[in-house]
file work_33.pdb (PDB, C-alpha atoms, pLDDT in the B column)
ATOM      1  CA  MET A 903       0.000   0.000   0.000  1.00 92.00           C
ATOM      2  CA  LYS A 904       1.324   3.429  -0.956  1.00 96.00           C
ATOM      3  CA  GLN A 905       0.442   7.029  -0.360  1.00 96.00           C
ATOM      4  CA  ILE A 906       0.429   9.147  -3.497  1.00 97.00           C
ATOM      5  CA  ILE A 907       0.779  12.905  -3.058  1.00 98.00           C
ATOM      6  CA  ALA A 908       0.055  14.884  -6.206  1.00 98.00           C
ATOM      7  CA  ILE A 909       0.491  18.651  -6.360  1.00 97.00           C
ATOM      8  CA  ILE A 910      -1.394  19.907  -9.397  1.00 97.00           C
ATOM      9  CA  ARG A 911      -2.929  22.996 -10.964  1.00 95.00           C
ATOM     10  CA  GLU A 912      -6.222  24.146  -9.460  1.00 94.00           C
ATOM     11  CA  GLU A 913      -8.099  23.946 -12.740  1.00 94.00           C
ATOM     12  CA  CYS A 914      -7.202  20.271 -13.168  1.00 96.00           C
ATOM     13  CA  VAL A 915      -8.723  19.013  -9.933  1.00 96.00           C
ATOM     14  CA  GLU A 916     -12.179  18.096 -11.190  1.00 95.00           C
ATOM     15  CA  LEU A 917     -10.858  16.360 -14.295  1.00 96.00           C
ATOM     16  CA  THR A 918      -8.356  14.456 -12.169  1.00 96.00           C
ATOM     17  CA  ARG A 919     -10.998  13.446  -9.671  1.00 95.00           C
ATOM     18  CA  SER A 920     -13.228  12.180 -12.478  1.00 95.00           C
ATOM     19  CA  ALA A 921     -10.386  10.189 -13.995  1.00 96.00           C
ATOM     20  CA  LEU A 922      -9.501   8.619 -10.658  1.00 95.00           C
ATOM     21  CA  THR A 923     -13.147   7.814  -9.966  1.00 94.00           C
ATOM     22  CA  GLY A 924     -13.127   6.027 -13.313  1.00 93.00           C
ATOM     23  CA  LEU A 925     -10.367   3.819 -11.929  1.00 92.00           C
ATOM     24  CA  GLY A 926     -12.485   3.034  -8.891  1.00 92.00           C
ATOM     25  CA  ILE A 927     -10.571   5.378  -6.599  1.00 90.00           C
ATOM     26  CA  SER A 928     -12.926   7.693  -4.750  1.00 84.00           C
ATOM     27  CA  GLY A 929     -11.112   8.263  -1.461  1.00 89.00           C
ATOM     28  CA  ILE A 930      -9.135  11.397  -2.200  1.00 94.00           C
ATOM     29  CA  ALA A 931      -8.162  14.238   0.110  1.00 95.00           C
ATOM     30  CA  VAL A 932      -7.926  17.578  -1.698  1.00 96.00           C
ATOM     31  CA  ILE A 933      -6.032  20.338   0.115  1.00 96.00           C
ATOM     32  CA  PRO A 934      -5.438  23.896  -1.129  1.00 96.00           C
ATOM     33  CA  VAL A 935      -1.761  24.802  -0.950  1.00 96.00           C
ATOM     34  CA  ILE A 936       0.671  27.269  -2.429  1.00 94.00           C
ATOM     35  CA  GLY A 937       3.965  26.202  -3.879  1.00 93.00           C
ATOM     36  CA  ARG A 938       6.828  26.685  -6.225  1.00 90.00           C
ATOM     37  CA  GLY A 939       9.327  24.543  -8.054  1.00 87.00           C
ATOM     38  CA  GLN A 940      12.991  24.828  -8.789  1.00 77.00           C
ATOM     39  CA  GLN A 941      12.375  28.054 -10.747  1.00 70.00           C
ATOM     40  CA  LYS A 942      11.138  29.658  -7.501  1.00 68.00           C
ATOM     41  CA  GLY A 943       7.830  30.875  -8.861  1.00 63.00           C
ATOM     42  CA  ALA A 944       6.795  32.451 -12.109  1.00 55.00           C
ATOM     43  CA  VAL A 945       7.105  36.032 -13.296  1.00 53.00           C
ATOM     44  CA  TYR A 946       4.139  37.409 -15.203  1.00 53.00           C
ATOM     45  CA  VAL A 947       4.385  40.385 -17.519  1.00 49.00           C
ATOM     46  CA  PRO A 948       1.057  42.143 -18.156  1.00 50.00           C
ATOM     47  CA  ASP A 949      -0.158  42.174 -21.760  1.00 48.00           C
ATOM     48  CA  GLN A 950      -1.256  45.408 -23.408  1.00 50.00           C
ATOM     49  CA  ASP A 951      -4.852  44.682 -22.446  1.00 52.00           C
ATOM     50  CA  GLY A 952      -3.832  44.429 -18.824  1.00 50.00           C
ATOM     51  CA  SER A 953      -4.290  40.683 -18.518  1.00 49.00           C
ATOM     52  CA  LEU A 954      -1.495  38.591 -17.181  1.00 47.00           C
ATOM     53  CA  GLY A 955       0.724  37.670 -20.053  1.00 44.00           C
ATOM     54  CA  ARG A 956       1.573  34.091 -19.386  1.00 45.00           C
ATOM     55  CA  ASN A 957      -0.715  31.099 -19.533  1.00 42.00           C
ATOM     56  CA  ASN A 958      -3.769  30.942 -17.264  1.00 42.00           C
ATOM     57  CA  GLY A 959      -3.579  34.644 -16.420  1.00 41.00           C
ATOM     58  CA  PRO A 960      -7.264  35.261 -15.645  1.00 38.00           C
ATOM     59  CA  HIS A 961      -7.467  32.060 -13.683  1.00 40.00           C
ATOM     60  CA  LEU A 962      -4.424  32.938 -11.636  1.00 43.00           C
ATOM     61  CA  ARG A 963      -5.838  36.328 -10.821  1.00 41.00           C
ATOM     62  CA  ARG A 964      -9.037  34.734  -9.557  1.00 37.00           C
ATOM     63  CA  SER A 965      -7.096  32.147  -7.611  1.00 40.00           C
ATOM     64  CA  THR A 966      -4.925  34.765  -6.028  1.00 42.00           C
ATOM     65  CA  GLY A 967      -8.012  36.409  -4.591  1.00 37.00           C
ATOM     66  CA  LEU A 968      -9.274  33.126  -3.225  1.00 35.00           C
ATOM     67  CA  MET A 969      -5.934  32.325  -1.727  1.00 43.00           C
ATOM     68  CA  SER A 970      -5.287  35.692  -0.150  1.00 41.00           C
ATOM     69  CA  GLY A 971      -5.228  34.072   3.268  1.00 39.00           C
ATOM     70  CA  MET A 972      -2.345  31.891   2.184  1.00 43.00           C
ATOM     71  CA  GLY A 973       0.063  34.749   1.737  1.00 42.00           C
ATOM     72  CA  VAL A 974       0.007  34.908  -2.046  1.00 43.00           C
ATOM     73  CA  LEU A 975      -1.017  38.544  -2.182  1.00 38.00           C
ATOM     74  CA  SER A 976       1.920  39.551  -0.073  1.00 38.00           C
ATOM     75  CA  TYR A 977       4.147  38.492  -2.904  1.00 42.00           C
ATOM     76  CA  LEU A 978       2.588  40.823  -5.450  1.00 45.00           C
ATOM     77  CA  HIS A 979       4.574  43.887  -6.395  1.00 47.00           C
ATOM     78  CA  PRO A 980       2.045  46.386  -7.795  1.00 49.00           C
ATOM     79  CA  GLY A 981       3.353  49.253  -9.846  1.00 49.00           C
ATOM     80  CA  LYS A 982       6.183  47.281 -11.339  1.00 46.00           C
ATOM     81  CA  LYS A 983       6.080  46.126 -14.911  1.00 45.00           C
ATOM     82  CA  LYS A 984       6.647  42.556 -13.870  1.00 48.00           C
ATOM     83  CA  THR A 985       4.412  40.895 -11.337  1.00 51.00           C
ATOM     84  CA  ALA A 986       6.253  38.285  -9.332  1.00 54.00           C
ATOM     85  CA  PHE A 987       4.485  35.320  -7.800  1.00 55.00           C
ATOM     86  CA  ARG A 988       6.876  33.631  -5.471  1.00 73.00           C
ATOM     87  CA  PHE A 989       4.253  31.039  -4.619  1.00 87.00           C
ATOM     88  CA  LEU A 990       1.401  29.902  -6.810  1.00 88.00           C
ATOM     89  CA  PRO A 991      -1.920  28.427  -5.694  1.00 91.00           C
ATOM     90  CA  LYS A 992      -2.093  24.680  -6.236  1.00 95.00           C
ATOM     91  CA  GLN A 993      -4.132  21.756  -5.007  1.00 96.00           C
ATOM     92  CA  MET A 994      -2.609  18.805  -3.204  1.00 97.00           C
ATOM     93  CA  LEU A 995      -4.276  15.436  -3.716  1.00 97.00           C
ATOM     94  CA  ILE A 996      -3.564  12.638  -1.266  1.00 97.00           C
ATOM     95  CA  LEU A 997      -4.679   9.117  -2.031  1.00 95.00           C
ATOM     96  CA  ILE A 998      -3.884   5.675  -0.721  1.00 94.00           C
ATOM     97  CA  VAL A 999      -3.663   2.884  -3.275  1.00 95.00           C
ATOM     98  CA  ASP A1000      -2.577  -0.738  -3.438  1.00 93.00           C
ATOM     99  CA  ASP A1001       0.954  -1.371  -4.693  1.00 94.00           C
ATOM    100  CA  GLU A1002      -0.256  -2.836  -7.986  1.00 95.00           C
ATOM    101  CA  GLU A1003      -2.364   0.266  -8.701  1.00 95.00           C
ATOM    102  CA  VAL A1004       0.455   2.783  -8.280  1.00 96.00           C
ATOM    103  CA  ARG A1005       1.688   2.732 -11.867  1.00 96.00           C
ATOM    104  CA  THR A1006      -1.819   3.073 -13.316  1.00 96.00           C
ATOM    105  CA  VAL A1007      -2.667   5.975 -11.018  1.00 97.00           C
ATOM    106  CA  ILE A1008       0.560   7.798 -11.885  1.00 97.00           C
ATOM    107  CA  ASP A1009      -0.095   7.317 -15.598  1.00 96.00           C
ATOM    108  CA  VAL A1010      -3.578   8.783 -15.189  1.00 97.00           C
ATOM    109  CA  LEU A1011      -2.327  11.721 -13.096  1.00 97.00           C
ATOM    110  CA  VAL A1012       0.309  12.540 -15.697  1.00 96.00           C
ATOM    111  CA  ALA A1013      -2.093  12.144 -18.627  1.00 96.00           C
ATOM    112  CA  VAL A1014      -4.704  14.454 -17.109  1.00 96.00           C
ATOM    113  CA  ASN A1015      -2.370  17.119 -15.728  1.00 96.00           C
ATOM    114  CA  GLN A1016       0.425  17.325 -18.286  1.00 95.00           C
ATOM    115  CA  SER A1017       0.401  20.510 -20.350  1.00 93.00           C
ATOM    116  CA  GLY A1018       4.135  20.615 -20.986  1.00 90.00           C
ATOM    117  CA  ARG A1019       4.536  23.914 -19.147  1.00 87.00           C
ATOM    118  CA  HIS A1020       6.379  24.616 -15.919  1.00 86.00           C
ATOM    119  CA  GLY A1021       4.023  24.313 -12.986  1.00 88.00           C
ATOM    120  CA  ASP A1022       2.221  21.147 -14.069  1.00 93.00           C
ATOM    121  CA  GLY A1023       3.112  19.710 -10.691  1.00 94.00           C
ATOM    122  CA  LYS A1024       4.766  16.830  -8.922  1.00 96.00           C
ATOM    123  CA  ILE A1025       3.819  13.345  -7.803  1.00 97.00           C
ATOM    124  CA  PHE A1026       5.365  11.684  -4.775  1.00 97.00           C
ATOM    125  CA  VAL A1027       4.949   7.998  -3.969  1.00 97.00           C
ATOM    126  CA  CYS A1028       5.475   7.322  -0.266  1.00 97.00           C
ATOM    127  CA  PRO A1029       5.402   4.150   1.801  1.00 96.00           C
ATOM    128  CA  ILE A1030       2.563   3.507   4.254  1.00 94.00           C
ATOM    129  CA  GLY A1031       3.350   1.636   7.436  1.00 89.00           C
ATOM    130  CA  ARG A1032      -0.218   0.945   8.488  1.00 87.00           C
ATOM    131  CA  ALA A1033      -3.671   2.292   7.630  1.00 85.00           C
ATOM    132  CA  LEU A1034      -6.621   2.173  10.004  1.00 85.00           C
ATOM    133  CA  GLY A1035     -10.268   3.027   9.418  1.00 83.00           C
ATOM    134  CA  ILE A1036     -11.426   5.297  12.215  1.00 86.00           C
ATOM    135  CA  ASP A1037     -15.019   4.111  12.156  1.00 82.00           C
ATOM    136  CA  THR A1038     -14.451   0.428  11.404  1.00 80.00           C
ATOM    137  CA  ASP A1039     -11.132  -0.066  13.230  1.00 70.00           C
ATOM    138  CA  GLN A1040     -10.177  -2.193  10.217  1.00 75.00           C
ATOM    139  CA  SER A1041      -6.560  -2.328   9.029  1.00 71.00           C
TER     140      SER A1041
ATOM    141  CA  MET B 684      14.895  11.064  -1.289  1.00 95.00           C
ATOM    142  CA  LYS B 685      12.980  12.316   1.726  1.00 97.00           C
ATOM    143  CA  MET B 686      10.044  14.597   2.397  1.00 97.00           C
ATOM    144  CA  ILE B 687      10.546  17.132   5.153  1.00 97.00           C
ATOM    145  CA  TRP B 688       7.375  18.333   6.849  1.00 97.00           C
ATOM    146  CA  ALA B 689       8.141  21.376   8.972  1.00 96.00           C
ATOM    147  CA  VAL B 690       5.294  22.657  11.141  1.00 95.00           C
ATOM    148  CA  ILE B 691       6.349  26.164  12.111  1.00 94.00           C
ATOM    149  CA  SER B 692       4.904  29.358  13.520  1.00 90.00           C
ATOM    150  CA  GLN B 693       3.650  31.719  10.840  1.00 89.00           C
ATOM    151  CA  GLU B 694       5.745  34.547  12.213  1.00 89.00           C
ATOM    152  CA  PHE B 695       8.899  32.691  11.206  1.00 92.00           C
ATOM    153  CA  THR B 696       7.786  31.440   7.790  1.00 92.00           C
ATOM    154  CA  GLU B 697       9.356  34.245   5.774  1.00 91.00           C
ATOM    155  CA  ARG B 698      12.628  33.970   7.624  1.00 93.00           C
ATOM    156  CA  VAL B 699      12.811  30.220   7.097  1.00 95.00           C
ATOM    157  CA  ILE B 700      12.000  30.488   3.395  1.00 93.00           C
ATOM    158  CA  GLU B 701      14.640  33.170   2.859  1.00 91.00           C
ATOM    159  CA  ALA B 702      17.200  31.050   4.683  1.00 95.00           C
ATOM    160  CA  LEU B 703      16.286  28.017   2.600  1.00 94.00           C
ATOM    161  CA  ASP B 704      16.630  30.151  -0.530  1.00 90.00           C
ATOM    162  CA  ARG B 705      20.117  31.148   0.533  1.00 92.00           C
ATOM    163  CA  ALA B 706      20.933  27.479   1.131  1.00 94.00           C
ATOM    164  CA  GLY B 707      19.852  26.651  -2.423  1.00 92.00           C
ATOM    165  CA  ILE B 708      16.573  24.995  -1.463  1.00 92.00           C
ATOM    166  CA  GLY B 709      13.917  26.783  -3.453  1.00 89.00           C
ATOM    167  CA  ALA B 710      11.181  24.275  -4.214  1.00 93.00           C
ATOM    168  CA  MET B 711       8.530  23.758  -1.595  1.00 95.00           C
ATOM    169  CA  THR B 712       4.814  23.553  -0.903  1.00 96.00           C
ATOM    170  CA  ARG B 713       3.074  25.455   1.888  1.00 95.00           C
ATOM    171  CA  LEU B 714      -0.219  24.873   3.652  1.00 94.00           C
ATOM    172  CA  GLN B 715      -1.909  26.495   6.588  1.00 92.00           C
ATOM    173  CA  VAL B 716      -2.861  24.490   9.640  1.00 91.00           C
ATOM    174  CA  THR B 717      -3.722  25.167  13.254  1.00 86.00           C
ATOM    175  CA  GLY B 718      -2.535  23.415  16.357  1.00 78.00           C
ATOM    176  CA  PRO B 719      -2.928  23.797  20.092  1.00 74.00           C
ATOM    177  CA  TYR B 720      -0.681  26.094  22.040  1.00 67.00           C
ATOM    178  CA  GLN B 721       1.716  24.212  24.284  1.00 63.00           C
ATOM    179  CA  ASP B 722       1.638  26.647  27.166  1.00 60.00           C
ATOM    180  CA  THR B 723      -2.121  26.717  27.610  1.00 57.00           C
ATOM    181  CA  HIS B 724      -1.846  27.901  31.189  1.00 59.00           C
ATOM    182  CA  LEU B 725      -0.522  31.223  29.849  1.00 60.00           C
ATOM    183  CA  LEU B 726      -3.556  31.854  27.673  1.00 60.00           C
ATOM    184  CA  ASP B 727      -6.805  33.646  28.335  1.00 63.00           C
ATOM    185  CA  HIS B 728      -8.514  31.086  26.086  1.00 63.00           C
ATOM    186  CA  PRO B 729      -6.795  27.738  26.690  1.00 62.00           C
ATOM    187  CA  ASN B 730      -8.731  25.919  23.963  1.00 63.00           C
ATOM    188  CA  SER B 731      -7.754  28.307  21.176  1.00 69.00           C
ATOM    189  CA  ASP B 732      -5.558  27.051  18.340  1.00 78.00           C
ATOM    190  CA  LYS B 733      -2.428  28.706  17.042  1.00 81.00           C
ATOM    191  CA  PRO B 734      -2.143  29.258  13.281  1.00 87.00           C
ATOM    192  CA  ARG B 735       0.883  27.521  11.840  1.00 91.00           C
ATOM    193  CA  GLU B 736       2.301  26.720   8.447  1.00 94.00           C
ATOM    194  CA  VAL B 737       3.534  23.428   7.112  1.00 96.00           C
ATOM    195  CA  LEU B 738       6.438  23.553   4.683  1.00 97.00           C
ATOM    196  CA  MET B 739       6.749  20.418   2.557  1.00 97.00           C
ATOM    197  CA  ILE B 740      10.182  20.099   1.043  1.00 97.00           C
ATOM    198  CA  ALA B 741      11.389  17.134  -0.994  1.00 97.00           C
ATOM    199  CA  VAL B 742      15.151  16.818  -0.808  1.00 96.00           C
ATOM    200  CA  PRO B 743      17.813  14.261  -1.711  1.00 96.00           C
ATOM    201  CA  ASP B 744      19.022  12.196   1.245  1.00 96.00           C
ATOM    202  CA  ALA B 745      22.310  14.085   1.282  1.00 96.00           C
ATOM    203  CA  GLU B 746      20.541  17.416   1.871  1.00 96.00           C
ATOM    204  CA  VAL B 747      18.206  16.340   4.677  1.00 97.00           C
ATOM    205  CA  ALA B 748      20.546  17.294   7.498  1.00 96.00           C
ATOM    206  CA  LYS B 749      21.343  20.698   5.985  1.00 97.00           C
ATOM    207  CA  THR B 750      17.669  21.469   5.389  1.00 97.00           C
ATOM    208  CA  VAL B 751      16.642  20.462   8.893  1.00 96.00           C
ATOM    209  CA  MET B 752      19.446  22.531  10.343  1.00 96.00           C
ATOM    210  CA  VAL B 753      18.405  25.639   8.403  1.00 97.00           C
ATOM    211  CA  ILE B 754      14.782  25.256   9.462  1.00 96.00           C
ATOM    212  CA  ARG B 755      15.684  24.689  13.105  1.00 95.00           C
ATOM    213  CA  ALA B 756      17.975  27.693  13.137  1.00 94.00           C
ATOM    214  CA  HIS B 757      15.393  30.104  11.711  1.00 94.00           C
ATOM    215  CA  ALA B 758      12.021  28.846  12.956  1.00 93.00           C
ATOM    216  CA  ARG B 759      12.481  29.926  16.532  1.00 87.00           C
ATOM    217  CA  PRO B 760      12.848  33.235  18.345  1.00 81.00           C
ATOM    218  CA  GLU B 761      16.237  34.868  18.195  1.00 72.00           C
ATOM    219  CA  GLU B 762      16.213  36.010  21.816  1.00 64.00           C
ATOM    220  CA  PRO B 763      17.917  33.284  23.857  1.00 56.00           C
ATOM    221  CA  GLY B 764      15.629  33.517  26.852  1.00 53.00           C
ATOM    222  CA  ARG B 765      12.373  33.421  24.945  1.00 54.00           C
ATOM    223  CA  HIS B 766      12.988  30.044  23.403  1.00 51.00           C
ATOM    224  CA  ASN B 767      13.611  28.488  26.759  1.00 49.00           C
ATOM    225  CA  ALA B 768      10.433  30.013  28.113  1.00 47.00           C
ATOM    226  CA  GLU B 769       8.363  28.481  25.292  1.00 49.00           C
ATOM    227  CA  PRO B 770      10.215  25.271  24.490  1.00 50.00           C
ATOM    228  CA  ALA B 771       7.508  23.529  22.510  1.00 52.00           C
ATOM    229  CA  SER B 772       6.011  26.437  20.587  1.00 65.00           C
ATOM    230  CA  ALA B 773       8.572  26.647  17.794  1.00 78.00           C
ATOM    231  CA  GLY B 774       7.127  23.693  15.914  1.00 88.00           C
ATOM    232  CA  LYS B 775       8.057  20.220  14.748  1.00 92.00           C
ATOM    233  CA  ILE B 776       9.952  18.709  11.841  1.00 95.00           C
ATOM    234  CA  PHE B 777       9.103  15.304  10.416  1.00 96.00           C
ATOM    235  CA  VAL B 778      11.187  13.470   7.833  1.00 97.00           C
ATOM    236  CA  THR B 779       9.404  10.788   5.808  1.00 96.00           C
ATOM    237  CA  TYR B 780      10.443   8.489   3.007  1.00 97.00           C
ATOM    238  CA  ILE B 781       9.690   9.070  -0.665  1.00 97.00           C
ATOM    239  CA  ASP B 782       9.882   5.926  -2.807  1.00 96.00           C
ATOM    240  CA  GLU B 783       9.595   7.743  -6.126  1.00 95.00           C
ATOM    241  CA  SER B 784       8.874  11.231  -7.395  1.00 96.00           C
ATOM    242  CA  PHE B 785       7.707  12.354 -10.810  1.00 96.00           C
ATOM    243  CA  THR B 786       7.601  15.662 -12.634  1.00 95.00           C
ATOM    244  CA  ILE B 787       4.235  15.841 -14.409  1.00 95.00           C
ATOM    245  CA  ARG B 788       5.515  18.229 -17.097  1.00 93.00           C
ATOM    246  CA  THR B 789       8.114  15.771 -18.355  1.00 91.00           C
ATOM    247  CA  ALA B 790       6.348  12.604 -17.201  1.00 84.00           C
ATOM    248  CA  GLY B 791       9.674  11.446 -15.880  1.00 80.00           C
ATOM    249  CA  LYS B 792      11.182  10.531 -12.571  1.00 78.00           C
ATOM    250  CA  SER B 793      12.657  13.519 -10.855  1.00 77.00           C
ATOM    251  CA  GLY B 794      15.009  14.588  -8.134  1.00 65.00           C
ATOM    252  CA  ALA B 795      14.162  17.003  -5.373  1.00 55.00           C
ATOM    253  CA  GLY B 796      11.668  19.806  -5.672  1.00 51.00           C
ATOM    254  CA  SER B 797       7.962  20.151  -5.078  1.00 45.00           C
TER     255      SER B 797
END

call {"tool": "encode", "arguments": {"input": "work_33.pdb", "output": "structure tokens"}}
result
Amino acid sequence: MKQIIAIIREECVELTRSALTGLGISGIAVIPVIGRGQQKGAVYVPDQDGSLGRNNGPHLRRSTGLMSGMGVLSYLHPGKKKTAFRFLPKQMLILIVDDEEVRTVIDVLVAVNQSGRHGDGKIFVCPIGRALGIDTDQS
Amino acid sequence: MKMIWAVISQEFTERVIEALDRAGIGAMTRLQVTGPYQDTHLLDHPNSDKPREVLMIAVPDAEVAKTVMVIRAHARPEEPGRHNAEPASAGKIFVTYIDESFTIRTAGKSGAGS
């Protein structure tokens, strides 16, 4: 049994959940997080129309508002030509799967979330020592 | 590879992140949590929870000790006396195993960085 931690874009959550449900996996914890990769966050240059120049601009702006309690807004630098996001809003999915399902789940997570751009996310496969149901007391 | 889960006080988050940056550890994930105060007898409302942040940092085995050291050094008050007065309030660090990690963009196995 393994724990899979996937950190993905916000807009991919529903599609990912549907794909995993299709595999028979419905027990998923979804947690809002902020994060950054090796590039330490993206830099967005406003277009002439004022929208954020890089991919998903409008969505990011909306997300930033939603995530204001997570410290994202404190990383904005208004008035400068470039707007720096040191941390970007993401969603963290945590699921527990049998060993033989790990490869299939990873393939599905990659297929659904891969856009080829930086920020697609990461998947971590971690060992589980023991899992207990709280209500059933079943291992 | 290991995953470091550092549960720290929000007031020290910026300082820890800047120190990790300087140490060359830039990739991380953050989430907000709450936890009970340790010194509840000092509080007006003993059942209140303290807001904290969890930093999740995936690092190669060789960098675990350095990362933990940086976090420990910067996630607690600088004044010597204050730390002793509140020994358990600075937070906790957990190190867990990662069997494999993948970068979704390249669909390949990856090194550190979340």

call {"tool": "closest_residue", "arguments": {"input": "work_33.pdb", "among": "B:Phe785, B:Phe695, B:Phe777, B:Trp688", "to": "chain A", "atoms": "all atoms listed in the file"}}
result
B:Phe785

call {"tool": "resolve_selection", "arguments": {"input": "work_33.pdb", "expression": "the PyMOL selection byres ((chain B) within 12 of (chain A))", "output": "NGL selection string"}}
result
:B and (684-686 or 693-694 or 696-697 or 700-701 or 703-704 or 707-716 or 734-742 or 778-797)

call {"tool": "closest_residue", "arguments": {"input": "work_33.pdb", "among": "B:Ile776, B:Ala756, B:Glu761, B:Lys733", "to": "Ser692 (chain B)", "atoms": "only C-alpha atoms"}}
result
B:Lys733

call {"tool": "atom_distance", "arguments": {"input": "work_33.pdb", "atom1": "CA of Val690 (chain B)", "atom2": "CA of Arg988 (chain A)"}}
result
20.0 Å

call {"tool": "atom_distance", "arguments": {"input": "work_33.pdb", "atom1": "CA of Gly774 (chain B)", "atom2": "CA of Asp744 (chain B)"}}
result
22.1 Å
